[in-house]
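Novice: My structure is below; once you've seen it, I'll send some questions.
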Amino acid sequence: MRITFLGTGASEGVPGIFCQCEDCKTARKLGGRELRSRSQILVNQDLLVDMGPETYWKSVLYGIWLSRVKYLFVTHSHCDHLDERFLGFRGGWFGKDMAEPVLYGYGNEKAVEQMARRLEDSQFDFVKTASHFQTLHSFDQVQAGSYEVTALPAIHNPKEECLLYLIKDHEGKEIFYATDTGRLTEETYQHLEGHHLDCVILDCTLGNKPDVGISHMGLKENKVIKDRLEAMGVTDRRGRYVCTHISHGTGGFEYLSGAAAAYGMEVAYDGMVLEV
Ligand SMILES: [Zn+2]
Ligand SMILES: [Zn+2]
Ligand SMILES: [Zn+2]
């Protein structure tokens with residue numbers, strides 16, 4: 001399974017859109033891995049998790065054909081994770097010769113409602129038929145082509161049922177994409193019992209700050225999850241732990257990578273590709 005990190009930043013991006021803190025000034029000066037667009041991943045070439053505001057430009061930058069994406073899993077409706085306006089350009093003269101004429105989108109009620117409204121608002125019939133949606137709740141499992149995907153609960157925004165995703169491919173490779181969220185629920189740990197994860201991607205909005213995250217996490221909360229999943233046998237020595245959804249003010253890529261490495265974890269950067 002190939003995982004491409006199209007974006008690895010928190011909602012305001014790094015540098016923060018309106019921020020002039022020292023970290024953001026340094027990020028602008030250094031560029032490269034210090035720049036973080038809004039978080040999303042592409043699995044292989046056909047499954048996208050989240051479709052944030054940089055989706056279009058990231059596809060151009062990394063040479064990704066978005067028309068090959070057949071499945072979209074949305075974690076929640078926050079604007080850094082879902083910009084449903086992109087769906088208005090599927091098909092017709094906007095999207096000719098699309099590899100996948102229908103996109104199957106999954107998400108919570110709010111996300112599906114937003115995406116469906118975008119289609120309803122379109123004046124073009126081809127847009128209305130180019131996407132199909134299904135609402136998911138925590139612990140729902142769907143078969144998306146050869147992928148088996150399970151929605152798990154996030155602790156993030158009480159106003160909607162934010163979801164995390166377990167994604168298993170036809171070879172049995174399985175990853176857990178867990179942002180945006182605070183610590184995992186007991187039910188989530190129970191569900192993970194017996195699974196064998198090749199990669200765990202965790203919300204690390206707070207970086208190495210001493211703050212305790214509730215609706216987001218930092219390295220310390222990530223380490224708690226890693227220790228527990230390892231003790232449960234859900235991951236073994238080869239299982240990778242990757243921190244993402246990182247905010248500004250967290251010390252920059254080198255610093256955070258060093259801090260994460262001490263815990264046996266890696267820090268994602270925009271454009272990073274993992275083969276698991
Ligand atoms: Zn977010
Ligand atoms: Zn800043
Ligand atoms: Zn959020």
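Following the order of the structure tokens, first chain is A, next is B, and so on, with residues numbered from 1 inside each chain and ligands from 1 in the order they appear.
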Restrict the calculation to only C-alpha atoms and all ligand atoms, then for each residue of chain A with any atom at most 12 Å from an atom of ligand 1 give the closest atom pair and their distance in Å to one decimal, rows by chain and rising residue number, as a tab-separated table.

Specialist:
```
residue	atom	partner	partner_atom_place_in_ligand_line	distance
A:Gly7	CA	ligand 1	1 (Zn)	10.7
A:Thr8	CA	ligand 1	1 (Zn)	9.6
A:Gly9	CA	ligand 1	1 (Zn)	7.9
A:Ala10	CA	ligand 1	1 (Zn)	5.3
A:Ser11	CA	ligand 1	1 (Zn)	4.9
A:Glu12	CA	ligand 1	1 (Zn)	8.7
A:Gly13	CA	ligand 1	1 (Zn)	9.6
A:Ser37	CA	ligand 1	1 (Zn)	10.7
A:Arg38	CA	ligand 1	1 (Zn)	7.3
A:Ser39	CA	ligand 1	1 (Zn)	6.9
A:Gln40	CA	ligand 1	1 (Zn)	9.4
A:Asp50	CA	ligand 1	1 (Zn)	9.8
A:Met51	CA	ligand 1	1 (Zn)	11.3
A:Gly52	CA	ligand 1	1 (Zn)	9.3
A:Pro53	CA	ligand 1	1 (Zn)	11.5
A:Val74	CA	ligand 1	1 (Zn)	11.2
A:Thr75	CA	ligand 1	1 (Zn)	9.0
A:His76	CA	ligand 1	1 (Zn)	8.5
A:Ser77	CA	ligand 1	1 (Zn)	9.2
A:His78	CA	ligand 1	1 (Zn)	6.5
A:Cys79	CA	ligand 1	1 (Zn)	7.8
A:Asp80	CA	ligand 1	1 (Zn)	5.4
A:His81	CA	ligand 1	1 (Zn)	6.1
A:Leu82	CA	ligand 1	1 (Zn)	9.5
A:Ala154	CA	ligand 1	1 (Zn)	11.7
A:His156	CA	ligand 1	1 (Zn)	9.3
A:Asn157	CA	ligand 1	1 (Zn)	10.4
A:Cys162	CA	ligand 1	1 (Zn)	10.6
A:Leu163	CA	ligand 1	1 (Zn)	11.8
A:Leu164	CA	ligand 1	1 (Zn)	11.9
A:Ala178	CA	ligand 1	1 (Zn)	10.8
A:Thr179	CA	ligand 1	1 (Zn)	7.1
A:Asp180	CA	ligand 1	1 (Zn)	5.4
A:Thr181	CA	ligand 1	1 (Zn)	8.8
A:Gly182	CA	ligand 1	1 (Zn)	11.7
A:Leu202	CA	ligand 1	1 (Zn)	11.8
A:Asp203	CA	ligand 1	1 (Zn)	8.8
A:Cys204	CA	ligand 1	1 (Zn)	10.5
A:Thr205	CA	ligand 1	1 (Zn)	8.5
A:Leu206	CA	ligand 1	1 (Zn)	12.0
A:Ser215	CA	ligand 1	1 (Zn)	10.1
A:His216	CA	ligand 1	1 (Zn)	8.9
A:Met217	CA	ligand 1	1 (Zn)	11.5
A:Thr244	CA	ligand 1	1 (Zn)	10.0
A:His245	CA	ligand 1	1 (Zn)	6.6
A:Ile246	CA	ligand 1	1 (Zn)	9.2
A:Ser247	CA	ligand 1	1 (Zn)	9.6
```

Novice: Which residues form the shell of 8 Å around ligand 2 when you count only C-alpha atoms and all ligand atoms, given as number ranges by chain?

Specialist: A: 14-16, 18-25, 248-249

Novice: For each of A:Ile201, A:Leu152, A:Ala111, A:Leu192, take the minimum atom-to-atom distance to ligand 3, counting only C-alpha atoms and all ligand atoms, then give the residue where this is smallest.

Specialist: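 Using only C-alpha atoms and all ligand atoms, the shortest distance to ligand 3 belongs to A:Ala111.
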
Novice: Taking the backbone alone, and naming residues the way the document does, which bits of range 28-272 of chain A are alpha helix (DSSP H) by DSSP, as a PyMOL selection string?

Specialist: chain A and resi 28-30+55-61+109-121+125-128+186-192+219-232+252-261

Novice: Quick check for you: according to DSSP on this backbone, which residues of range 6-214 of chain A are classed as strand (DSSP E or B)? Reply as a PyMOL selection string.

Specialist: chain A and resi 6-7+9+14+36+38+40-43+47-49+51+71-73+82+103-107+131-135+141-144+147-153+163-168+174-178+199-203

Novice: Quick one: residues within 12 Å of Ile64 in chain A, only C-alpha atoms counted, chain neighbours fewer than 6 positions away excluded, as a list in words?

Specialist: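 Contacts, in chain order: Thr4, Phe5, Leu6, Ile41, Leu42, Val43, Asn44, Gln45, Asp46, Leu47, Leu48, Thr55, Tyr56, Trp57, Lys58 and Gly271 of chain A.
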
Novice: So, with only C-alpha atoms and all ligand atoms as the atoms that count, which of A:Ile155, A:Ile17, A:Tyr104, A:Met115 lies closest to ligand 3?

Specialist: A:Ile155

Novice: Counting only C-alpha atoms, figure out which residue out of A:Phe124, A:Tyr255, A:Tyr189, A:Tyr106 gets nearest to Val149 in chain A.

Specialist: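 For Val149 in chain A, the nearest of the candidates is A:Tyr106.
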